[in-house]
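query_9.cif (mmCIF, C-alpha atoms) appears below.
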data_start
loop_
_atom_site.label_atom_id
_atom_site.label_comp_id
_atom_site.auth_asym_id
_atom_site.auth_seq_id
_atom_site.Cartn_x
_atom_site.Cartn_y
_atom_site.Cartn_z
CA MET A 1 -42.49 15.48 -32.44
CA ASN A 2 -44.00 13.48 -29.59
CA LYS A 3 -46.10 15.38 -27.09
CA LEU A 4 -45.89 14.54 -23.40
CA LYS A 5 -49.11 13.38 -21.84
CA TYR A 6 -49.71 14.71 -18.36
CA ILE A 7 -51.68 12.83 -15.70
CA PRO A 8 -53.61 14.98 -13.22
CA LEU A 9 -52.09 14.96 -9.74
CA ALA A 10 -55.23 13.55 -8.15
CA THR A 11 -55.26 10.65 -10.61
CA ALA A 12 -51.60 9.92 -10.00
CA ILE A 13 -52.11 9.85 -6.22
CA ALA A 14 -55.07 7.52 -6.62
CA LEU A 15 -52.95 5.13 -8.68
CA VAL A 16 -50.20 4.78 -6.06
CA PRO A 17 -51.91 2.17 -3.84
CA THR A 18 -52.99 0.22 -6.93
CA LEU A 19 -49.47 0.14 -8.37
CA GLY A 20 -47.98 -0.84 -5.03
CA ALA A 21 -50.39 -3.72 -4.62
CA ALA A 22 -49.88 -4.90 -8.18
CA GLN A 23 -46.13 -5.07 -7.85
CA ASP A 24 -46.28 -6.99 -4.55
CA ALA A 25 -42.50 -7.56 -4.65
CA GLU A 26 -40.06 -8.29 -1.87
CA PHE A 27 -37.53 -5.56 -1.31
CA ALA A 28 -33.89 -6.37 -0.57
CA SER A 29 -32.92 -6.29 3.07
CA LEU A 30 -30.36 -3.82 4.36
CA ALA A 31 -27.70 -6.53 4.37
CA GLN A 32 -28.53 -7.52 0.79
CA THR A 33 -28.48 -3.92 -0.38
CA THR A 34 -25.12 -3.38 1.27
CA PHE A 35 -23.80 -6.55 -0.38
CA ILE A 36 -25.00 -5.37 -3.78
CA PHE A 37 -23.47 -1.91 -3.57
CA ASN A 38 -20.18 -3.07 -2.07
CA THR A 39 -19.81 -5.69 -4.80
CA LEU A 40 -20.70 -3.12 -7.45
CA LEU A 41 -18.00 -0.79 -6.13
CA PHE A 42 -15.38 -3.55 -6.39
CA LEU A 43 -16.44 -4.44 -9.92
CA ILE A 44 -16.60 -0.86 -11.21
CA GLY A 45 -13.31 0.00 -9.50
CA GLY A 46 -11.78 -3.19 -10.84
CA PHE A 47 -12.55 -2.53 -14.48
CA LEU A 48 -11.37 1.07 -14.12
CA VAL A 49 -8.05 -0.18 -12.76
CA PHE A 50 -7.99 -2.77 -15.56
CA TRP A 51 -8.25 0.13 -18.02
CA MET A 52 -5.00 1.42 -16.52
CA ALA A 53 -3.29 -1.51 -18.26
CA ALA A 54 -4.20 0.17 -21.54
CA GLY A 55 -2.85 3.42 -20.12
CA PHE A 56 0.51 1.90 -19.29
CA ALA A 57 0.66 0.27 -22.73
CA MET A 58 -0.05 3.53 -24.56
CA LEU A 59 2.28 5.58 -22.34
CA GLU A 60 5.16 3.16 -22.88
CA ALA A 61 4.44 2.79 -26.60
CA GLY A 62 4.63 6.54 -26.93
CA LEU A 63 7.82 7.00 -24.91
CA VAL A 64 9.93 4.25 -26.53
CA ARG A 65 11.42 4.57 -29.99
CA SER A 66 9.49 3.29 -33.01
CA LYS A 67 11.69 0.22 -33.37
CA ASN A 68 10.62 -1.07 -29.94
CA VAL A 69 6.90 -0.27 -29.79
CA THR A 70 5.56 -3.74 -30.63
CA THR A 71 7.77 -5.30 -27.99
CA GLN A 72 6.42 -2.96 -25.31
CA LEU A 73 2.85 -3.73 -26.30
CA THR A 74 3.61 -7.46 -26.18
CA LYS A 75 5.16 -7.14 -22.74
CA ASN A 76 2.09 -5.32 -21.43
CA MET A 77 -0.29 -7.92 -22.81
CA GLY A 78 1.86 -10.76 -21.51
CA LEU A 79 2.39 -9.37 -18.03
CA PHE A 80 -1.32 -8.81 -17.48
CA GLY A 81 -2.17 -12.34 -18.53
CA ILE A 82 0.56 -13.77 -16.30
CA ALA A 83 -0.55 -11.62 -13.36
CA ALA A 84 -4.13 -12.84 -13.68
CA ILE A 85 -3.06 -16.48 -13.64
CA MET A 86 -0.36 -16.25 -10.97
CA TYR A 87 -2.48 -14.19 -8.59
CA TRP A 88 -5.13 -16.88 -8.79
CA LEU A 89 -2.71 -19.81 -8.53
CA ILE A 90 -0.65 -18.44 -5.65
CA GLY A 91 -0.81 -14.74 -4.94
CA TYR A 92 -4.34 -14.22 -3.63
CA ASN A 93 -4.02 -16.99 -1.07
CA VAL A 94 -0.58 -15.74 0.01
CA MET A 95 -1.88 -12.21 0.43
CA TYR A 96 -4.97 -13.36 2.36
CA PRO A 97 -5.33 -14.57 5.09
CA GLY A 98 -2.24 -12.50 5.61
CA ASP A 99 1.12 -11.95 7.18
CA GLY A 100 3.27 -15.07 7.24
CA ASN A 101 0.39 -17.53 7.35
CA TRP A 102 1.51 -19.24 4.16
CA MET A 103 4.92 -19.84 5.73
CA MET A 104 3.48 -21.39 8.87
CA ASP A 105 1.14 -23.64 6.91
CA GLY A 106 3.96 -24.88 4.74
CA VAL A 107 4.70 -24.56 1.06
CA LEU A 108 1.75 -26.79 0.17
CA GLY A 109 -0.57 -25.09 2.64
CA THR A 110 -2.25 -21.91 1.53
CA ILE A 111 -0.15 -21.68 -1.64
CA ALA A 112 -2.91 -23.05 -3.82
CA PRO A 113 -5.56 -21.70 -6.18
CA LYS A 114 -8.17 -19.70 -4.32
CA ASP A 115 -11.75 -20.91 -4.55
CA ILE A 116 -13.87 -17.81 -5.08
CA LYS A 117 -17.00 -19.78 -5.99
CA THR A 118 -18.14 -20.07 -2.40
CA ASP A 119 -21.43 -19.36 -0.72
CA ILE A 120 -22.30 -15.70 -0.39
CA ASP A 121 -20.58 -14.83 2.85
CA ALA A 122 -21.29 -12.41 5.63
CA GLY A 123 -18.39 -10.15 4.68
CA GLY A 124 -20.67 -7.78 2.84
CA TYR A 125 -19.37 -8.35 -0.71
CA SER A 126 -18.87 -11.05 -3.32
CA ASN A 127 -15.67 -13.06 -2.98
CA ALA A 128 -15.27 -12.96 -6.75
CA SER A 129 -15.50 -9.16 -6.81
CA ASP A 130 -12.79 -8.87 -4.17
CA PHE A 131 -10.50 -11.22 -6.10
CA PHE A 132 -11.12 -9.30 -9.32
CA PHE A 133 -10.39 -5.94 -7.68
CA GLN A 134 -7.26 -7.07 -5.85
CA LEU A 135 -5.88 -8.73 -8.98
CA MET A 136 -5.85 -5.39 -10.79
CA PHE A 137 -3.51 -3.92 -8.18
CA CYS A 138 -1.17 -6.87 -8.57
CA ALA A 139 -1.05 -6.40 -12.36
CA THR A 140 -0.45 -2.67 -11.96
CA THR A 141 2.67 -3.36 -9.91
CA ALA A 142 4.11 -5.40 -12.79
CA SER A 143 3.18 -2.76 -15.35
CA ILE A 144 5.36 -0.22 -13.54
CA VAL A 145 8.45 -2.36 -14.09
CA SER A 146 7.89 -2.77 -17.80
CA GLY A 147 8.55 0.81 -18.89
CA THR A 148 11.77 1.28 -16.93
CA LEU A 149 13.48 -1.70 -18.55
CA ALA A 150 12.29 -0.94 -22.06
CA GLU A 151 14.37 -1.15 -25.24
CA ARG A 152 17.03 -3.61 -24.04
CA VAL A 153 15.50 -6.34 -21.86
CA LYS A 154 14.70 -9.76 -23.33
CA LEU A 155 11.03 -10.60 -23.48
CA TRP A 156 10.98 -14.03 -21.82
CA PRO A 157 13.30 -13.31 -18.88
CA PHE A 158 11.15 -10.25 -18.13
CA LEU A 159 7.97 -12.32 -18.21
CA ILE A 160 9.54 -14.94 -15.94
CA PHE A 161 10.30 -12.16 -13.47
CA VAL A 162 6.64 -11.13 -13.67
CA VAL A 163 5.68 -14.68 -12.66
CA VAL A 164 7.66 -14.32 -9.42
CA LEU A 165 6.61 -10.71 -8.80
CA THR A 166 2.89 -11.33 -9.14
CA GLY A 167 2.86 -14.78 -7.57
CA LEU A 168 5.03 -14.13 -4.53
CA ILE A 169 6.85 -10.80 -4.11
CA TYR A 170 3.86 -8.47 -4.36
CA PRO A 171 1.41 -10.70 -2.43
CA ILE A 172 3.87 -11.18 0.45
CA GLU A 173 4.60 -7.48 0.98
CA ALA A 174 0.96 -6.51 0.43
CA SER A 175 -0.09 -9.05 3.07
CA TRP A 176 1.94 -7.13 5.65
CA GLN A 177 -0.59 -4.31 5.41
CA TRP A 178 -3.77 -5.32 3.58
CA GLY A 179 -3.66 -8.91 4.84
CA GLY A 180 -3.65 -7.80 8.46
CA GLY A 181 0.10 -8.27 8.86
CA PHE A 182 2.67 -6.63 11.11
CA LEU A 183 2.64 -3.25 9.33
CA SER A 184 -1.11 -3.00 9.78
CA ALA A 185 -0.74 -3.87 13.46
CA MET A 186 1.98 -1.25 13.79
CA GLY A 187 -0.30 1.51 12.51
CA PHE A 188 1.21 1.96 9.04
CA SER A 189 -1.30 3.57 6.69
CA ASP A 190 -1.42 3.18 2.92
CA PHE A 191 -5.01 3.65 1.78
CA ALA A 192 -4.69 2.58 -1.87
CA GLY A 193 -1.03 1.70 -2.37
CA SER A 194 1.46 4.56 -2.73
CA THR A 195 3.97 2.16 -1.19
CA LEU A 196 2.41 -1.29 -1.52
CA VAL A 197 1.80 -0.94 -5.26
CA HIS A 198 3.61 2.07 -6.71
CA ALA A 199 6.81 2.23 -4.69
CA ALA A 200 6.98 -1.58 -4.76
CA GLY A 201 6.86 -1.50 -8.55
CA GLY A 202 9.46 1.27 -8.49
CA PHE A 203 11.81 -0.73 -6.29
CA ALA A 204 11.46 -3.79 -8.54
CA ALA A 205 12.19 -1.58 -11.54
CA LEU A 206 15.23 -0.07 -9.80
CA ALA A 207 16.67 -3.52 -9.09
CA GLY A 208 16.17 -4.54 -12.70
CA VAL A 209 17.65 -1.41 -14.23
CA ILE A 210 20.77 -1.60 -12.05
CA ILE A 211 21.48 -5.13 -13.27
CA LEU A 212 20.43 -4.39 -16.85
CA GLY A 213 22.40 -1.19 -17.32
CA PRO A 214 21.59 1.81 -19.56
CA ARG A 215 20.71 1.71 -23.24
CA ILE A 216 23.55 1.93 -25.75
CA GLY A 217 24.43 5.56 -26.40
CA LYS A 218 22.29 7.00 -23.61
CA TYR A 219 25.27 8.38 -21.68
CA ALA A 220 28.20 9.83 -23.60
CA LYS A 221 31.77 9.41 -22.41
CA ASP A 222 31.97 13.11 -21.62
CA GLY A 223 29.05 12.78 -19.20
CA ARG A 224 26.36 14.18 -21.49
CA VAL A 225 22.89 12.65 -21.45
CA VAL A 226 21.86 11.86 -25.01
CA PRO A 227 18.13 12.44 -25.62
CA MET A 228 16.26 9.48 -27.09
CA PRO A 229 12.82 10.86 -28.01
CA GLY A 230 9.88 8.50 -27.97
CA SER A 231 7.84 7.46 -30.98
CA SER A 232 4.57 9.25 -30.25
CA LEU A 233 3.76 12.00 -27.78
CA PRO A 234 0.05 11.72 -28.70
CA LEU A 235 0.09 8.08 -27.58
CA ALA A 236 1.93 8.99 -24.38
CA THR A 237 -0.63 11.71 -23.67
CA LEU A 238 -3.52 9.34 -24.34
CA GLY A 239 -1.93 6.82 -21.99
CA THR A 240 -1.65 9.44 -19.26
CA PHE A 241 -5.31 10.41 -19.53
CA ILE A 242 -6.32 6.74 -19.44
CA LEU A 243 -4.25 6.24 -16.29
CA TRP A 244 -5.77 9.38 -14.79
CA MET A 245 -9.26 8.01 -15.44
CA GLY A 246 -8.40 4.55 -14.10
CA TRP A 247 -7.06 6.08 -10.91
CA PHE A 248 -10.59 7.01 -9.85
CA GLY A 249 -11.25 3.29 -9.51
CA PHE A 250 -7.83 2.68 -7.99
CA ASN A 251 -8.39 5.16 -5.15
CA GLY A 252 -12.17 5.45 -5.01
CA ALA A 253 -12.95 1.75 -4.80
CA SER A 254 -10.28 1.36 -2.11
CA GLN A 255 -12.90 2.73 0.27
CA LEU A 256 -14.02 -0.93 0.04
CA ALA A 257 -17.61 -0.11 0.94
CA MET A 258 -20.56 1.70 -0.64
CA GLY A 259 -23.43 0.52 1.53
CA THR A 260 -23.97 3.67 3.57
CA LEU A 261 -24.33 7.38 2.92
CA GLU A 262 -20.99 7.96 4.65
CA ASP A 263 -19.20 5.49 2.38
CA VAL A 264 -20.64 6.95 -0.80
CA ASP A 265 -19.71 10.45 0.33
CA ALA A 266 -16.19 9.21 1.08
CA VAL A 267 -15.88 7.76 -2.44
CA ALA A 268 -16.95 11.11 -3.89
CA GLN A 269 -14.40 12.98 -1.78
CA ILE A 270 -11.68 10.54 -2.89
CA PHE A 271 -12.58 11.14 -6.54
CA ALA A 272 -12.35 14.90 -6.06
CA ASN A 273 -9.03 14.75 -4.18
CA THR A 274 -7.55 12.32 -6.70
CA ASN A 275 -8.42 14.61 -9.59
CA MET A 276 -7.10 17.69 -7.81
CA ALA A 277 -3.75 16.05 -7.04
CA ALA A 278 -3.28 15.00 -10.66
CA ALA A 279 -4.16 18.46 -11.93
CA ALA A 280 -1.80 20.12 -9.48
CA GLY A 281 1.04 17.75 -10.37
CA ALA A 282 0.63 18.52 -14.07
CA VAL A 283 0.48 22.29 -13.54
CA ALA A 284 3.47 22.27 -11.17
CA ALA A 285 5.59 20.38 -13.72
CA LEU A 286 4.37 22.65 -16.52
CA ILE A 287 5.36 25.84 -14.68
CA LEU A 288 8.62 24.46 -13.32
CA THR A 289 9.92 23.21 -16.66
CA GLN A 290 9.16 26.62 -18.20
CA VAL A 291 11.13 28.31 -15.42
CA LEU A 292 14.08 25.90 -15.52
CA TYR A 293 14.37 25.19 -19.24
CA ARG A 294 12.61 28.22 -20.78
CA LYS A 295 10.36 25.71 -22.56
CA VAL A 296 7.64 23.40 -21.33
CA ASP A 297 8.50 19.70 -21.44
CA LEU A 298 5.38 17.66 -22.22
CA THR A 299 6.87 14.40 -20.93
CA MET A 300 7.50 16.09 -17.58
CA VAL A 301 3.93 17.41 -17.51
CA LEU A 302 2.59 13.91 -18.17
CA ASN A 303 4.73 12.40 -15.45
CA GLY A 304 3.88 15.32 -13.18
CA ALA A 305 0.20 14.38 -13.39
CA LEU A 306 1.04 10.74 -12.65
CA ALA A 307 3.27 11.72 -9.74
CA GLY A 308 0.42 13.80 -8.32
CA LEU A 309 -1.81 10.74 -8.53
CA VAL A 310 0.77 8.51 -6.82
CA SER A 311 1.28 11.14 -4.12
CA ILE A 312 -2.39 11.25 -3.10
CA THR A 313 -2.91 7.48 -3.28
CA ALA A 314 -1.67 6.74 0.26
CA GLY A 315 -4.24 9.07 1.81
CA PRO A 316 -6.87 10.28 -0.66
CA LEU A 317 -9.80 10.63 1.74
CA ASP A 318 -8.71 12.83 4.63
CA PRO A 319 -7.10 15.89 2.96
CA THR A 320 -9.12 18.92 1.94
CA LEU A 321 -9.10 19.89 -1.72
CA PHE A 322 -6.36 22.37 -0.90
CA GLY A 323 -4.45 19.59 0.82
CA ALA A 324 -4.77 17.40 -2.27
CA LEU A 325 -3.59 20.33 -4.39
CA TRP A 326 -0.33 20.93 -2.54
CA ILE A 327 0.38 17.22 -2.06
CA GLY A 328 -0.05 16.62 -5.80
CA ALA A 329 1.95 19.72 -6.70
CA VAL A 330 4.92 18.53 -4.67
CA GLY A 331 4.69 15.25 -6.57
CA GLY A 332 4.96 17.15 -9.85
CA VAL A 333 8.00 19.05 -8.58
CA ILE A 334 9.62 15.79 -7.45
CA VAL A 335 9.48 14.39 -10.99
CA VAL A 336 11.12 17.44 -12.57
CA PHE A 337 14.13 17.12 -10.28
CA ALA A 338 14.27 13.32 -9.90
CA VAL A 339 14.45 12.51 -13.61
CA PRO A 340 17.73 14.40 -14.26
CA PHE A 341 19.10 13.19 -10.92
CA LEU A 342 18.72 9.58 -12.04
CA ASP A 343 20.49 10.45 -15.28
CA LYS A 344 23.41 11.79 -13.25
CA LEU A 345 23.57 8.39 -11.58
CA LYS A 346 23.38 6.77 -15.05
CA ILE A 347 20.17 4.99 -14.15
CA ASP A 348 18.36 4.78 -17.47
CA ASP A 349 14.64 4.80 -16.73
CA VAL A 350 12.99 5.05 -20.15
CA VAL A 351 9.56 6.28 -19.01
CA GLY A 352 10.40 7.90 -15.67
CA ALA A 353 8.66 5.20 -13.61
CA ILE A 354 11.12 5.35 -10.70
CA PRO A 355 10.63 9.09 -10.06
CA VAL A 356 6.86 8.81 -10.51
CA HIS A 357 6.16 5.62 -8.59
CA LEU A 358 9.03 5.17 -6.14
CA VAL A 359 10.04 8.72 -5.21
CA ALA A 360 6.56 10.22 -5.36
CA GLY A 361 5.30 7.07 -3.65
CA PHE A 362 7.60 7.81 -0.72
CA TRP A 363 6.35 11.39 -0.60
CA GLY A 364 2.72 10.30 -0.65
CA THR A 365 3.31 7.77 2.12
CA LEU A 366 5.27 10.19 4.26
CA VAL A 367 2.69 12.99 4.11
CA VAL A 368 -0.25 10.87 5.33
CA PRO A 369 0.02 11.90 9.02
CA VAL A 370 -0.55 15.55 8.11
CA TYR A 371 -4.25 14.82 7.60
CA THR A 372 -4.88 11.29 8.90
CA ASP A 373 -5.32 10.79 12.64
CA GLY A 374 -3.65 7.83 14.31
CA THR A 375 -0.65 7.76 12.00
CA SER A 376 2.94 8.86 12.57
CA PHE A 377 5.85 9.85 10.38
CA VAL A 378 8.08 7.24 12.04
CA THR A 379 5.66 4.40 11.33
CA GLN A 380 5.21 5.55 7.75
CA ILE A 381 8.96 5.55 7.16
CA ILE A 382 9.36 2.12 8.78
CA GLY A 383 6.67 0.67 6.54
CA PHE A 384 8.16 2.20 3.40
CA VAL A 385 11.67 0.96 4.25
CA ALA A 386 10.45 -2.54 5.11
CA ILE A 387 8.53 -2.96 1.87
CA GLY A 388 11.20 -1.26 -0.21
CA ALA A 389 14.00 -3.42 1.18
CA PHE A 390 12.05 -6.64 0.70
CA VAL A 391 10.95 -5.87 -2.87
CA PHE A 392 14.33 -4.51 -3.97
CA ILE A 393 16.38 -7.38 -2.53
CA SER A 394 13.96 -10.06 -3.77
CA SER A 395 13.81 -8.51 -7.24
CA PHE A 396 17.58 -8.09 -7.37
CA ILE A 397 18.06 -11.78 -6.55
CA VAL A 398 15.54 -12.91 -9.18
CA PHE A 399 17.03 -10.68 -11.89
CA SER A 400 20.54 -11.85 -10.96
CA ILE A 401 19.53 -15.50 -11.29
CA LEU A 402 17.86 -14.83 -14.64
CA LYS A 403 20.97 -13.01 -15.85
CA ALA A 404 23.21 -15.92 -14.86
CA VAL A 405 20.95 -18.64 -16.24
CA MET A 406 19.60 -17.21 -19.49
CA GLY A 407 20.70 -13.60 -19.79
CA ILE A 408 18.33 -10.67 -19.52
CA ARG A 409 19.74 -8.23 -22.05
CA VAL A 410 19.52 -8.48 -25.82
CA SER A 411 22.69 -8.37 -27.91
CA GLU A 412 24.19 -5.05 -28.97
CA GLU A 413 23.20 -5.72 -32.57
CA ALA A 414 19.61 -6.50 -31.59
CA GLU A 415 19.36 -3.39 -29.45
CA ILE A 416 20.62 -1.15 -32.25
CA GLN A 417 18.37 -2.74 -34.84
CA GLY A 418 15.36 -2.70 -32.54
CA LEU A 419 13.60 -5.35 -30.48
CA ASP A 420 10.55 -5.46 -32.72
CA THR A 421 12.41 -7.15 -35.55
CA THR A 422 14.95 -9.11 -33.51
CA GLU A 423 12.70 -10.34 -30.69
CA LEU A 424 9.35 -10.56 -32.48
CA GLY A 425 9.89 -10.25 -36.22
CA MET A 426 7.19 -7.61 -36.62
CA GLU A 427 7.12 -3.84 -36.45
CA ALA A 428 4.56 -1.37 -35.16
CA TYR A 429 5.29 0.99 -38.05
CA PRO A 430 6.53 -1.22 -40.92
CA GLU A 431 6.23 1.53 -43.51
CA PHE A 432 8.97 3.52 -41.76
CA SER A 433 12.66 2.80 -42.19
CA LYS A 434 14.21 0.40 -39.71
CA GLY A 435 15.85 1.76 -36.58
#
Go ahead and express the file in the form of structure tokens.
Amino acid sequence: MNKLKYIPLATAIALVPTLGAAQDAEFASLAQTTFIFNTLLFLIGGFLVFWMAAGFAMLEAGLVRSKNVTTQLTKNMGLFGIAAIMYWLIGYNVMYPGDGNWMMDGVLGTIAPKDIKTDIDAGGYSNASDFFFQLMFCATTASIVSGTLAERVKLWPFLIFVVVLTGLIYPIEASWQWGGGFLSAMGFSDFAGSTLVHAAGGFAALAGVIILGPRIGKYAKDGRVVPMPGSSLPLATLGTFILWMGWFGFNGASQLAMGTLEDVDAVAQIFANTNMAAAAGAVAALILTQVLYRKVDLTMVLNGALAGLVSITAGPLDPTLFGALWIGAVGGVIVVFAVPFLDKLKIDDVVGAIPVHLVAGFWGTLVVPVYTDGTSFVTQIIGFVAIGAFVFISSFIVFSILKAVMGIRVSEEAEIQGLDTTELGMEAYPEFSKG
């Protein structure tokens, strides 16, 4: 065992001037230090949000049936790769400089690959770190759509839709707020994207599922909803915890600055509120399903946690911890009632993405004025409706064109057999019997 060697205090004090002189190094200026910490926040937040891609993949793999798991994993890998390329080619330059500028400059104007390898600017952060961070939000929007349309959508038409969503639809609507567009000027507030990311993904998913229709056998002729249990609740639970973890980057890094004591304290408060909302959403769903069904429904608890996270995302800084608790809890309650309501409408959302991201996204956006000064309920509703209408209509048009040109739904035989063998020719669990 090593013994610590102690230096007498007097000796240590005497060494200080010597050490200082020996090092003789230049210290970073205040501006440089701010640049470093702001860039670090973007990068750390970015790779946490990137990890959410794994969360979506595991959640969806767990909630679809065994015969479709490989297809879901392929879709999640494909959509992230497409998002990364399309956001660079078109999306980032459409989203910034902002609202409508790409239209005024013409199709060949700002719609071009963004050059992030520029001189270090005076904006207080690396251009590359900003691109990296913003890209992750774009990819998240596409991930939301994937789960809703699972088990019956063709792979390539879905990926073509992702090209349009990540290259144009998401960047345009996001520019209205984060690009300094008309919603930002109006006073609409969406700190990290309850509407711009989550509800937008939910609206795109809603458009797709309406055109696609429900899975075969999901709704019986007598009106019953036929349960279709997923392949792995452990995977779904793992996916939820990964998403929960990634959300700290999603919300925390949306402070967009870490160069002052106030900014760092704000990031810490956002982390705490984000965690509280998720916990409250999970507990609310856990208690409510026990009361309503006499048994706890794990899938509702998982989605309750996610709904709590979506609910706090529009305003994660200003609420107290108690505020985050009740906001997240309402999100969990929303999921428990919204999932069966969609089934009554025969809207077959395989993973519950529409209740979690669209409905809870509306709740999170609406509740912002309770704690955030300078916002209003009217403005929040206008912003939500504007983004929702644009994303839904645009997505509906794209899906309709894809349906007419190449078809978006697999054949009945392929759906019954499973997309893993019919679309890909490989299975996630080949030792099990075929679907």
Name the residues that the PyMOL selection byres ((chain A and resi 171-174) around 7) pulls out of this structure, and write them as an MDAnalysis selection string. chainID A and resid 91:92 94:95 166:170 175:179 196 387
List the residues selected by the PyMOL selection byres ((chain A and resi 373) around 12) in the file shown, writing them as number ranges by chain. A: 187-189, 315, 317-319, 367-372, 374-377
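Closest approach to Gly332 of chain A among A:Thr33, A:Thr299, A:Thr320, A:Thr421 is made by A:Thr299 (distances from all atoms listed in the file).
Atom pair atom CA of Phe47 of chain A / atom CA of Trp244 of chain A has a distance of 13.7 Å (rounded to one decimal).
Shortest atom-to-atom contact with Gly45 of chain A among A:Ile287, A:Ser395, A:Trp88, A:Phe132: A:Phe132, counting only C-alpha atoms.
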Please provide the set of residues having any atom within 6 Å of Ser231 of chain A, restricted to all atoms listed in the file, with same-chain residues fewer than 2 positions apart removed, written as a list of chain:residue names. A:Gly62, A:Val64, A:Arg65, A:Ser66
When the PyMOL selection byres ((chain A and resi 211-225) around 8) is applied to the file above, which residues end up in the set, as a PyMOL selection string? chain A and resi 149+151-153+207-210+226-228+343+346-348+396+399-400+408-409+412+415-416
Can you write out the residues you just picked, keeping C-alpha atoms, as a PDB file, keeping the file's coordinate frame?
ATOM      1  CA  LEU A 149      13.480  -1.700 -18.550  1.00  0.00           C
ATOM      2  CA  GLU A 151      14.370  -1.150 -25.240  1.00  0.00           C
ATOM      3  CA  ARG A 152      17.030  -3.610 -24.040  1.00  0.00           C
ATOM      4  CA  VAL A 153      15.500  -6.340 -21.860  1.00  0.00           C
ATOM      5  CA  ALA A 207      16.670  -3.520  -9.090  1.00  0.00           C
ATOM      6  CA  GLY A 208      16.170  -4.540 -12.700  1.00  0.00           C
ATOM      7  CA  VAL A 209      17.650  -1.410 -14.230  1.00  0.00           C
ATOM      8  CA  ILE A 210      20.770  -1.600 -12.050  1.00  0.00           C
ATOM      9  CA  VAL A 226      21.860  11.860 -25.010  1.00  0.00           C
ATOM     10  CA  PRO A 227      18.130  12.440 -25.620  1.00  0.00           C
ATOM     11  CA  MET A 228      16.260   9.480 -27.090  1.00  0.00           C
ATOM     12  CA  ASP A 343      20.490  10.450 -15.280  1.00  0.00           C
ATOM     13  CA  LYS A 346      23.380   6.770 -15.050  1.00  0.00           C
ATOM     14  CA  ILE A 347      20.170   4.990 -14.150  1.00  0.00           C
ATOM     15  CA  ASP A 348      18.360   4.780 -17.470  1.00  0.00           C
ATOM     16  CA  PHE A 396      17.580  -8.090  -7.370  1.00  0.00           C
ATOM     17  CA  PHE A 399      17.030 -10.680 -11.890  1.00  0.00           C
ATOM     18  CA  SER A 400      20.540 -11.850 -10.960  1.00  0.00           C
ATOM     19  CA  ILE A 408      18.330 -10.670 -19.520  1.00  0.00           C
ATOM     20  CA  ARG A 409      19.740  -8.230 -22.050  1.00  0.00           C
ATOM     21  CA  GLU A 412      24.190  -5.050 -28.970  1.00  0.00           C
ATOM     22  CA  GLU A 415      19.360  -3.390 -29.450  1.00  0.00           C
ATOM     23  CA  ILE A 416      20.620  -1.150 -32.250  1.00  0.00           C
TER      24      ILE A 416
END
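Of the residues listed (A:Ala150, A:Leu48, A:Val296, A:Leu59), A:Ala150 shows the shortest atom-to-atom separation from Thr71 of chain A; distances use all atoms listed in the file.
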Let me make sure I understand: among A:Thr274, A:Val283, A:Gly259, A:Gly193, which one has the smallest atom-to-atom distance to Ser29 of chain A if we use all atoms listed in the file? A:Gly259
Close residues, Met186 of chain A itself excluded, 10 Å, all atoms listed in the file, min 5 positions apart in chain, as JSON, numbers by chain: {"A": [177, 181, 375, 379, 380, 382, 383]}
Could you give me, as an mmCIF file with C-alpha atoms, in the frame of the given file, the residues that have an atom at most 9 Å away from the point (-5.2, 18.2, -1.4) in the coordinates of the file, using all atoms listed in the file?
data_model
loop_
_atom_site.group_PDB
_atom_site.id
_atom_site.type_symbol
_atom_site.label_atom_id
_atom_site.label_comp_id
_atom_site.auth_asym_id
_atom_site.auth_seq_id
_atom_site.Cartn_x
_atom_site.Cartn_y
_atom_site.Cartn_z
ATOM 1 C CA ASN A 273 -9.030 14.750 -4.180
ATOM 2 C CA THR A 274 -7.550 12.320 -6.700
ATOM 3 C CA MET A 276 -7.100 17.690 -7.810
ATOM 4 C CA ALA A 277 -3.750 16.050 -7.040
ATOM 5 C CA ALA A 280 -1.800 20.120 -9.480
ATOM 6 C CA ILE A 312 -2.390 11.250 -3.100
ATOM 7 C CA PRO A 316 -6.870 10.280 -0.660
ATOM 8 C CA ASP A 318 -8.710 12.830 4.630
ATOM 9 C CA PRO A 319 -7.100 15.890 2.960
ATOM 10 C CA THR A 320 -9.120 18.920 1.940
ATOM 11 C CA LEU A 321 -9.100 19.890 -1.720
ATOM 12 C CA PHE A 322 -6.360 22.370 -0.900
ATOM 13 C CA GLY A 323 -4.450 19.590 0.820
ATOM 14 C CA ALA A 324 -4.770 17.400 -2.270
ATOM 15 C CA LEU A 325 -3.590 20.330 -4.390
ATOM 16 C CA TRP A 326 -0.330 20.930 -2.540
ATOM 17 C CA ILE A 327 0.380 17.220 -2.060
ATOM 18 C CA GLY A 328 -0.050 16.620 -5.800
#
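Between atom CA of Val336 of chain A and atom CA of Val145 of chain A there is a distance of 20.0 Å.
Nearest residue to Ala279 of chain A, choosing from A:Val163, A:Cys138, A:Met406, A:Leu302 and counting all atoms listed in the file: A:Leu302.
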